[in-house]
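Structure data (PDB, C-alpha atoms and all ligand atoms) from protein_20.pdb:
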ATOM      1  CA  MET A1127      50.966 -81.909  78.866
ATOM      2  CA  ARG A1128      48.366 -79.174  79.040
ATOM      3  CA  GLY A1129      47.060 -77.335  82.061
ATOM      4  CA  ALA A1130      43.699 -78.195  83.598
ATOM      5  CA  LEU A1131      40.638 -76.018  83.158
ATOM      6  CA  ILE A1132      38.884 -75.720  86.527
ATOM      7  CA  ALA A1133      35.614 -73.854  87.049
ATOM      8  CA  ILE A1134      34.342 -72.646  90.410
ATOM      9  CA  GLU A1135      30.619 -72.068  90.207
ATOM     10  CA  GLY A1136      28.138 -71.107  92.863
ATOM     11  CA  LEU A1137      25.196 -69.051  93.891
ATOM     12  CA  ASP A1138      25.768 -65.443  94.841
ATOM     13  CA  ARG A1139      27.480 -64.903  98.189
ATOM     14  CA  THR A1140      28.483 -68.519  98.772
ATOM     15  CA  GLY A1141      32.062 -67.421  99.356
ATOM     16  CA  LYS A1142      33.119 -68.231  95.806
ATOM     17  CA  THR A1143      35.388 -65.220  95.464
ATOM     18  CA  THR A1144      37.026 -65.815  98.858
ATOM     19  CA  GLN A1145      37.644 -69.446  97.951
ATOM     20  CA  THR A1146      39.056 -68.545  94.562
ATOM     21  CA  GLU A1147      41.505 -66.179  96.250
ATOM     22  CA  ARG A1148      42.555 -68.863  98.740
ATOM     23  CA  LEU A1149      43.076 -71.296  95.912
ATOM     24  CA  LEU A1150      45.217 -68.833  93.984
ATOM     25  CA  ALA A1151      47.383 -68.169  97.039
ATOM     26  CA  LYS A1152      47.953 -71.900  97.467
ATOM     27  CA  LEU A1153      48.880 -72.439  93.816
ATOM     28  CA  LYS A1154      51.284 -69.536  94.040
ATOM     29  CA  GLU A1155      52.863 -70.900  97.212
ATOM     30  CA  LEU A1156      53.504 -74.203  95.439
ATOM     31  CA  ASN A1157      54.854 -72.514  92.288
ATOM     32  CA  ILE A1158      52.174 -74.050  90.092
ATOM     33  CA  THR A1159      51.729 -71.913  86.965
ATOM     34  CA  HIS A1160      48.157 -70.709  87.040
ATOM     35  CA  LYS A1161      45.803 -67.990  85.960
ATOM     36  CA  LEU A1162      42.421 -66.757  87.144
ATOM     37  CA  VAL A1163      39.671 -65.590  84.809
ATOM     38  CA  LYS A1164      36.615 -64.156  86.505
ATOM     39  CA  PHE A1165      33.360 -64.087  84.529
ATOM     40  CA  PRO A1166      31.762 -61.764  83.832
ATOM     41  CA  LYS A1167      35.113 -60.214  82.937
ATOM     42  CA  ARG A1168      34.081 -56.636  83.599
ATOM     43  CA  ASP A1169      37.101 -54.785  82.183
ATOM     44  CA  THR A1170      36.518 -55.434  78.455
ATOM     45  CA  GLN A1171      34.171 -53.340  76.267
ATOM     46  CA  ILE A1172      31.493 -56.014  76.538
ATOM     47  CA  GLY A1173      32.305 -56.503  80.219
ATOM     48  CA  LYS A1174      31.733 -52.817  80.920
ATOM     49  CA  LEU A1175      28.243 -53.063  79.475
ATOM     50  CA  ILE A1176      27.567 -56.135  81.605
ATOM     51  CA  ASN A1177      28.779 -54.314  84.689
ATOM     52  CA  THR A1178      26.404 -51.446  84.014
ATOM     53  CA  TYR A1179      23.581 -53.915  83.455
ATOM     54  CA  LEU A1180      24.283 -55.658  86.761
ATOM     55  CA  THR A1181      24.762 -52.589  88.909
ATOM     56  CA  GLU A1182      22.259 -50.114  87.470
ATOM     57  CA  LYS A1183      18.692 -51.309  87.621
ATOM     58  CA  SER A1184      17.661 -48.528  85.272
ATOM     59  CA  PHE A1185      19.811 -50.012  82.472
ATOM     60  CA  ASP A1186      17.108 -51.767  80.545
ATOM     61  CA  LEU A1187      18.160 -54.679  78.383
ATOM     62  CA  ASN A1188      15.956 -57.577  77.435
ATOM     63  CA  ASP A1189      16.879 -60.994  78.817
ATOM     64  CA  GLN A1190      17.987 -62.423  75.472
ATOM     65  CA  ALA A1191      20.313 -59.526  74.689
ATOM     66  CA  ALA A1192      21.802 -59.674  78.196
ATOM     67  CA  HIS A1193      22.335 -63.408  77.816
ATOM     68  CA  LEU A1194      24.208 -62.997  74.534
ATOM     69  CA  LEU A1195      26.457 -60.348  76.070
ATOM     70  CA  PHE A1196      27.505 -62.713  78.863
ATOM     71  CA  SER A1197      28.243 -65.405  76.270
ATOM     72  CA  ALA A1198      30.177 -62.973  74.047
ATOM     73  CA  ASN A1199      32.226 -62.037  77.109
ATOM     74  CA  ARG A1200      33.345 -65.688  77.381
ATOM     75  CA  TRP A1201      34.068 -66.008  73.664
ATOM     76  CA  GLU A1202      36.155 -62.845  73.541
ATOM     77  CA  VAL A1203      38.799 -64.312  75.872
ATOM     78  CA  ILE A1204      38.661 -67.997  75.010
ATOM     79  CA  GLU A1205      41.605 -68.053  72.594
ATOM     80  CA  GLU A1206      43.838 -66.657  75.293
ATOM     81  CA  ILE A1207      42.577 -69.260  77.752
ATOM     82  CA  LYS A1208      43.240 -72.081  75.272
ATOM     83  CA  LYS A1209      46.755 -70.811  74.668
ATOM     84  CA  ASP A1210      47.451 -70.700  78.401
ATOM     85  CA  LEU A1211      46.198 -74.263  78.777
ATOM     86  CA  GLN A1212      48.460 -75.409  75.943
ATOM     87  CA  ASP A1213      51.381 -73.756  77.677
ATOM     88  CA  GLY A1214      50.678 -75.880  80.743
ATOM     89  CA  THR A1215      48.979 -73.186  82.831
ATOM     90  CA  VAL A1216      46.223 -74.260  85.200
ATOM     91  CA  VAL A1217      43.296 -71.945  84.437
ATOM     92  CA  ILE A1218      40.787 -71.265  87.214
ATOM     93  CA  LEU A1219      37.447 -69.832  86.125
ATOM     94  CA  ASP A1220      35.341 -67.932  88.660
ATOM     95  CA  ARG A1221      31.981 -68.637  86.963
ATOM     96  CA  TYR A1222      31.589 -69.896  83.403
ATOM     97  CA  VAL A1223      29.025 -71.437  81.032
ATOM     98  CA  TYR A1224      27.019 -73.001  83.870
ATOM     99  CA  SER A1225      26.317 -69.609  85.411
ATOM    100  CA  GLY A1226      25.564 -68.313  81.947
ATOM    101  CA  VAL A1227      22.832 -70.843  81.385
ATOM    102  CA  ALA A1228      21.511 -71.058  84.942
ATOM    103  CA  TYR A1229      20.975 -67.336  85.505
ATOM    104  CA  SER A1230      19.215 -66.853  82.173
ATOM    105  CA  ALA A1231      17.146 -70.050  82.245
ATOM    106  CA  ALA A1232      16.011 -69.039  85.747
ATOM    107  CA  LYS A1233      14.348 -66.033  84.119
ATOM    108  CA  GLY A1234      12.292 -68.398  82.002
ATOM    109  CA  LEU A1235      14.378 -68.557  78.837
ATOM    110  CA  ASP A1236      14.605 -71.953  77.173
ATOM    111  CA  PHE A1237      17.487 -74.058  78.491
ATOM    112  CA  GLN A1238      18.747 -75.180  75.059
ATOM    113  CA  TRP A1239      18.442 -71.669  73.670
ATOM    114  CA  CYS A1240      20.557 -70.474  76.592
ATOM    115  CA  LEU A1241      23.226 -73.092  75.985
ATOM    116  CA  SER A1242      23.432 -72.606  72.225
ATOM    117  CA  PRO A1243      25.682 -69.505  72.048
ATOM    118  CA  ASP A1244      28.163 -71.277  74.327
ATOM    119  CA  ILE A1245      28.322 -74.420  72.177
ATOM    120  CA  GLY A1246      31.937 -74.951  71.162
ATOM    121  CA  LEU A1247      33.468 -73.415  74.287
ATOM    122  CA  PRO A1248      35.784 -75.840  76.097
ATOM    123  CA  LYS A1249      34.297 -77.820  78.966
ATOM    124  CA  PRO A1250      36.098 -77.550  82.274
ATOM    125  CA  ASP A1251      37.981 -80.667  83.347
ATOM    126  CA  LEU A1252      36.411 -80.149  86.752
ATOM    127  CA  THR A1253      33.627 -77.882  87.988
ATOM    128  CA  ILE A1254      33.172 -77.266  91.692
ATOM    129  CA  PHE A1255      29.740 -75.959  92.576
ATOM    130  CA  LEU A1256      29.445 -74.141  95.912
ATOM    131  CA  LYS A1257      25.982 -74.148  97.398
ATOM    132  CA  PHE A1258      23.906 -74.061 100.538
ATOM    133  CA  ARG A1259      21.322 -76.585 101.642
ATOM    134  CA  GLN A1260      19.298 -73.618 102.880
ATOM    135  CA  SER A1261      19.002 -70.222 101.234
ATOM    136  CA  GLU A1262      21.492 -69.004 103.824
ATOM    137  CA  ASN A1263      23.281 -66.842 101.289
ATOM    138  CA  ALA A1264      20.347 -64.421 101.334
ATOM    139  CA  SER A1265      21.366 -63.298 104.808
ATOM    140  CA  ARG A1266      25.025 -62.804 103.990
ATOM    141  CA  ALA A1267      26.632 -59.381 103.919
ATOM    142  CA  GLY A1268      26.195 -57.485 100.700
ATOM    143  CA  PHE A1269      23.400 -59.648  99.369
ATOM    144  CA  GLY A1270      20.913 -57.587  97.437
ATOM    145  CA  ASP A1271      23.292 -55.062  95.898
ATOM    146  CA  GLU A1272      23.117 -56.405  92.381
ATOM    147  CA  ARG A1273      20.382 -57.251  89.933
ATOM    148  CA  TYR A1274      20.110 -61.014  90.557
ATOM    149  CA  GLU A1275      20.566 -61.050  94.311
ATOM    150  CA  VAL A1276      17.003 -61.876  95.250
ATOM    151  CA  ALA A1277      16.343 -65.013  97.311
ATOM    152  CA  GLU A1278      13.572 -66.552  95.180
ATOM    153  CA  PHE A1279      15.574 -65.988  92.032
ATOM    154  CA  GLN A1280      18.636 -67.653  93.594
ATOM    155  CA  GLU A1281      16.517 -70.724  94.372
ATOM    156  CA  LYS A1282      15.579 -71.016  90.700
ATOM    157  CA  VAL A1283      19.200 -70.603  89.668
ATOM    158  CA  LYS A1284      20.203 -73.339  92.098
ATOM    159  CA  HIS A1285      17.633 -75.683  90.632
ATOM    160  CA  ILE A1286      18.916 -75.157  87.098
ATOM    161  CA  PHE A1287      22.550 -75.586  88.140
ATOM    162  CA  GLU A1288      21.589 -79.054  89.387
ATOM    163  CA  ASN A1289      20.462 -80.054  85.886
ATOM    164  CA  PHE A1290      24.018 -79.922  84.642
ATOM    165  CA  SER A1291      25.315 -82.320  87.221
ATOM    166  CA  THR A1292      25.243 -85.455  85.089
ATOM    167  CA  ASN A1293      27.027 -84.397  81.928
ATOM    168  CA  SER A1294      30.504 -83.345  83.027
ATOM    169  CA  GLU A1295      33.010 -83.728  85.841
ATOM    170  CA  TRP A1296      30.984 -81.969  88.477
ATOM    171  CA  SER A1297      31.533 -81.710  92.211
ATOM    172  CA  PRO A1298      28.811 -80.106  94.283
ATOM    173  CA  LEU A1299      30.114 -78.803  97.581
ATOM    174  CA  TYR A1300      27.786 -77.827 100.421
ATOM    175  CA  VAL A1301      29.295 -75.031 102.452
ATOM    176  CA  ASP A1302      26.698 -74.817 105.240
ATOM    177  CA  GLY A1303      28.404 -74.523 108.596
ATOM    178  CA  LEU A1304      31.916 -74.957 107.190
ATOM    179  CA  SER A1305      34.710 -72.485 107.852
ATOM    180  CA  ILE A1306      36.668 -70.848 105.032
ATOM    181  CA  ASP A1307      39.569 -73.195 105.817
ATOM    182  CA  GLN A1308      37.370 -76.261 105.708
ATOM    183  CA  VAL A1309      35.884 -75.367 102.335
ATOM    184  CA  HIS A1310      39.361 -74.566 101.038
ATOM    185  CA  GLY A1311      40.577 -77.982 102.213
ATOM    186  CA  LYS A1312      37.786 -79.725 100.339
ATOM    187  CA  ILE A1313      38.406 -77.765  97.157
ATOM    188  CA  TRP A1314      42.113 -78.462  97.387
ATOM    189  CA  ALA A1315      41.502 -82.197  97.774
ATOM    190  CA  LEU A1316      39.276 -82.214  94.677
ATOM    191  CA  LEU A1317      41.960 -80.474  92.622
ATOM    192  CA  GLN A1318      44.839 -82.833  93.378
ATOM    193  CA  LYS A1319      44.541 -85.103  90.386
ATOM    194  CA  TYR A1320      44.363 -82.166  87.963
ATOM    195  CA  LEU A1321      47.435 -80.235  88.999
ATOM    196  CA  GLY A1322      50.172 -82.367  87.442
ATOM    197  CA  GLY A1323      49.032 -81.632  83.866
ATOM    198  CA  LEU A1324      46.699 -83.563  81.576
ATOM    199  CA  ASP A1325      47.323 -85.301  78.272
ATOM    200  CA  ASN A1326      43.733 -85.698  77.071
ATOM    201  CA  GLY A1327      42.184 -83.116  74.737
ATOM    202  CA  LEU A1328      39.650 -80.584  75.911
ATOM    203  CA  GLN A1329      36.008 -81.466  75.387
ATOM    204  CA  VAL A1330      33.622 -78.789  74.236
ATOM    205  CA  PHE A1331      30.044 -77.908  75.126
ATOM    206  CA  SER A1332      27.748 -79.459  72.527
TER     207      SER A1332
HETATM  208  P1  LIG A1401      29.779 -62.259  90.274
HETATM  209  O1  LIG A1401      30.721 -61.163  89.827
HETATM  210  O2  LIG A1401      30.430 -63.633  90.274
HETATM  211  O3  LIG A1401      29.078 -61.949  91.550
HETATM  212  O4  LIG A1401      28.646 -62.337  89.134
HETATM  213  C1  LIG A1401      27.810 -61.247  88.930
HETATM  214  C2  LIG A1401      26.402 -61.656  88.687
HETATM  215  O5  LIG A1401      26.219 -62.027  87.310
HETATM  216  C3  LIG A1401      25.902 -62.822  89.516
HETATM  217  O6  LIG A1401      24.589 -62.503  89.973
HETATM  218  C4  LIG A1401      25.834 -63.958  88.538
HETATM  219  C5  LIG A1401      25.565 -63.280  87.240
HETATM  220  N1  LIG A1401      26.140 -63.988  86.103
HETATM  221  C6  LIG A1401      27.398 -64.432  85.967
HETATM  222  N2  LIG A1401      27.603 -64.961  84.765
HETATM  223  C7  LIG A1401      26.417 -64.843  84.116
HETATM  224  C8  LIG A1401      25.977 -65.193  82.821
HETATM  225  O7  LIG A1401      26.727 -65.721  81.996
HETATM  226  N3  LIG A1401      24.688 -64.906  82.506
HETATM  227  C9  LIG A1401      23.842 -64.304  83.381
HETATM  228  N4  LIG A1401      22.601 -64.048  82.994
HETATM  229  N5  LIG A1401      24.226 -63.958  84.616
HETATM  230  C10 LIG A1401      25.492 -64.230  84.974
HETATM  231 NA    NA A1402      27.321 -61.543  92.915
HETATM  232 NA    NA A1403      30.754 -62.536  93.913
END

Let me see the file written as structure tokens.
Amino acid sequence: MRGALIAIEGLDRTGKTTQTERLLAKLKELNITHKLVKFPKRDTQIGKLINTYLTEKSFDLNDQAAHLLFSANRWEVIEEIKKDLQDGTVVILDRYVYSGVAYSAAKGLDFQWCLSPDIGLPKPDLTIFLKFRQSENASRAGFGDERYEVAEFQEKVKHIFENFSTNSEWSPLYVDGLSIDQVHGKIWALLQKYLGGLDNGLQVFS
């Protein structure tokens, strides 16, 4: 049996990081072997460049080059992720290919062009997409610090995320008005059938 590959996706400031931490604590409490990979993974050579790009508005990189860096950042750690899955580890991804495509396509790049460097990466067994009905995240603390945290841009990203919803195991989760505990409860319920190990092969993005 292999471990499940679970992606948590969401717009900026939807509580994705808080929820990922809650999830990790729960898996730990239950002694379920697990690992978190947060994309962009900012501590690699490529990740450091991405971090500079995101935090320093003066760091000028064209949209295509930035896109390929984010994709390269996923490819550079994928062998390790696959090995962990084979060993039975549940791997939780905080952002993945869907963010990669949505954030770049929202800038006007072609959707298929955006997907193409990620073709061949394993598809998550389950993707949970945290979102708001309203653009409530724009009023949350910290919003606006980084390059993409602009309300109109987030609306475009949201729209593109929705286009993925038919072609993989995809669970949109509205978080409007829900407490951290309530959202955690919903995420936990969605995960149940994936935690005991899976015997099917991984699919890949194509
Ligand atoms: P986070 O650390 O989860 O807040 O992500 C940082 C920002 O980077 C956030 O605005 C989303 C964006 N982002 C994440 N992954 C990708 C990607 O693959 N491509 C692009 N263009 N943006 C991404
Ligand atoms: Na962010
Ligand atoms: Na975040």

Box along x, y and z, 6 Å on every side, all listed atoms of ligand LIG 1401 (chain A) inside: centre and edge lengths in Å to one decimal, as AutoDock Vina command-line options.
--center_x 26.7 --center_y -63.4 --center_z 86.8 --size_x 20.1 --size_y 16.6 --size_z 21.6

- prompt: Mind listing the residues within 9 Å of ligand NA 1402 (chain A), only C-alpha atoms and all ligand atoms counted, as a ChimeraX atom specification?
  reply: /A:1137-1139,1268-1275

- request: Using the chain letters and numbers from the file, give me the residues hit by the PyMOL selection byres (((chain A and resi 1199) around 7) and not hetatm), as an NGL selection string.
  value: :A and (1166-1167 or 1172-1173 or 1195-1198 or 1200-1202)

message: Please enumerate the residues selected by the PyMOL selection byres (((chain A and resi 1301) around 12) and not hetatm) when evaluated against the supplied file, formatted as number ranges by chain.
response: A: 1136-1137, 1139-1142, 1145, 1254-1263, 1298-1300, 1302-1313

Two-atom distance - CA of Lys1208 in chain A, CA of Asp1236 in chain A (Å):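 Here the two named atoms are 28.7 Å from each other.
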
message: Please determine, counting all atoms listed in the file, which residue among A:Leu1180, A:Val1217, A:Val1163, A:Ala1231 has the shortest atom-to-atom distance to Val1203 in chain A.
response: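 For Val1203 in chain A, the nearest of the given residues is A:Val1163.
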
message: Using only C-alpha atoms and all ligand atoms, can you tell me which of A:His1193, A:Asp1220, A:Pro1243, A:Glu1182 comes closest to ligand NA 1403 (chain A)?
response: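 Among A:His1193, A:Asp1220, A:Pro1243, A:Glu1182, it is A:Asp1220 that comes nearest to ligand NA 1403 (chain A).
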
message: List the spatial neighbours of Leu1252 in chain A as a PyMOL selection string - criterion: any atom at most 6 Å away, all atoms listed in the file, same-chain residues fewer than 6 positions off excluded.
response: chain A and resi 1132+1295-1296

Once you have the residues from the selection above, write them out as a PDB file, in the frame of the given file, restricted to C-alpha atoms.
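The result, stored in result-v3.pdb:
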ATOM      1  CA  ILE A1132      38.884 -75.720  86.527  1.00  0.00           C
ATOM      2  CA  GLU A1295      33.010 -83.728  85.841  1.00  0.00           C
ATOM      3  CA  TRP A1296      30.984 -81.969  88.477  1.00  0.00           C
TER       4      TRP A1296
END

query: Pick the closest to Ala1192 in chain A from A:Gly1246, A:Gly1327, A:Gly1226, A:Gly1214: which is it, counting only C-alpha atoms?
result: A:Gly1226

message: If I take atom O4 of ligand LIG 1401 (chain A) and CA of Thr1253 in chain A, how far is one from the other in Å, to one decimal?
response: 16.4 Å

message: I'd like to know which of A:Gln1280, A:Gln1318, A:Thr1181, A:Thr1170 is closest to Ala1130 in chain A, using all atoms listed in the file.
response: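 Ranking A:Gln1280, A:Gln1318, A:Thr1181, A:Thr1170 by distance to Ala1130 in chain A, first place goes to A:Gln1318.
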
- request: Using CA of Lys1161 in chain A and CA of Leu1211 in chain A as the two end points, give the distance in Å to one decimal.
  value: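 Straight-line distance from CA of Lys1161 in chain A to CA of Leu1211 in chain A works out to 9.5 Å.
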
Selection near Gly1129 in chain A, 9 Å with all atoms listed in the file, sequence-local residues under 3 positions removed, as a JSON list (two decimals) with C-alpha atoms, in the coordinates of the input:
[["chain", "number", "residue", "atom", "x", "y", "z"],
["A", 1159, "THR", "CA", 51.73, -71.91, 86.96],
["A", 1160, "HIS", "CA", 48.16, -70.71, 87.04],
["A", 1210, "ASP", "CA", 47.45, -70.70, 78.40],
["A", 1211, "LEU", "CA", 46.20, -74.26, 78.78],
["A", 1212, "GLN", "CA", 48.46, -75.41, 75.94],
["A", 1213, "ASP", "CA", 51.38, -73.76, 77.68],
["A", 1214, "GLY", "CA", 50.68, -75.88, 80.74],
["A", 1215, "THR", "CA", 48.98, -73.19, 82.83],
["A", 1216, "VAL", "CA", 46.22, -74.26, 85.20],
["A", 1217, "VAL", "CA", 43.30, -71.94, 84.44],
["A", 1320, "TYR", "CA", 44.36, -82.17, 87.96],
["A", 1321, "LEU", "CA", 47.44, -80.24, 89.00],
["A", 1322, "GLY", "CA", 50.17, -82.37, 87.44],
["A", 1323, "GLY", "CA", 49.03, -81.63, 83.87],
["A", 1324, "LEU", "CA", 46.70, -83.56, 81.58],
["A", 1325, "ASP", "CA", 47.32, -85.30, 78.27]]

task: Identify which of the residues A:Arg1221, A:Lys1152, A:Lys1233, A:Lys1183 lies closest to ligand NA 1403 (chain A), counting all atoms listed in the file when measuring atom-to-atom distances.
output: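 Of all the options, A:Arg1221 lies closest to ligand NA 1403 (chain A).
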
query: Given the choices A:Phe1331, A:Tyr1222, A:Phe1290, A:Phe1185, which gets closest to Leu1162 in chain A if the distance is worked out from all atoms listed in the file?
result: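 Counting all atoms listed in the file, the residue closest to Leu1162 in chain A is A:Tyr1222.
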
task: For Gln1329 in chain A, list every protein, DNA or RNA residue within 10 Å, evaluated using all atoms listed in the file, and leave out those in the same chain fewer than 4 positions away; present the list as a PyMOL selection string.
output: chain A and resi 1246-1251+1294

- prompt: So which residues get picked by the PyMOL selection byres (((chain A and resi 1239) around 12) and not hetatm) here, written as a list of chain:residue names?
  reply: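 Selected by the PyMOL selection byres (((chain A and resi 1239) around 12) and not hetatm) in this file: A:Asp1189, A:Gln1190, A:His1193, A:Leu1194, A:Ser1197, A:Gly1226, A:Val1227, A:Ala1228, A:Ser1230, A:Ala1231, A:Gly1234, A:Leu1235, A:Asp1236, A:Phe1237, A:Gln1238, A:Cys1240, A:Leu1241, A:Ser1242, A:Pro1243, A:Asp1244, A:Ile1245.
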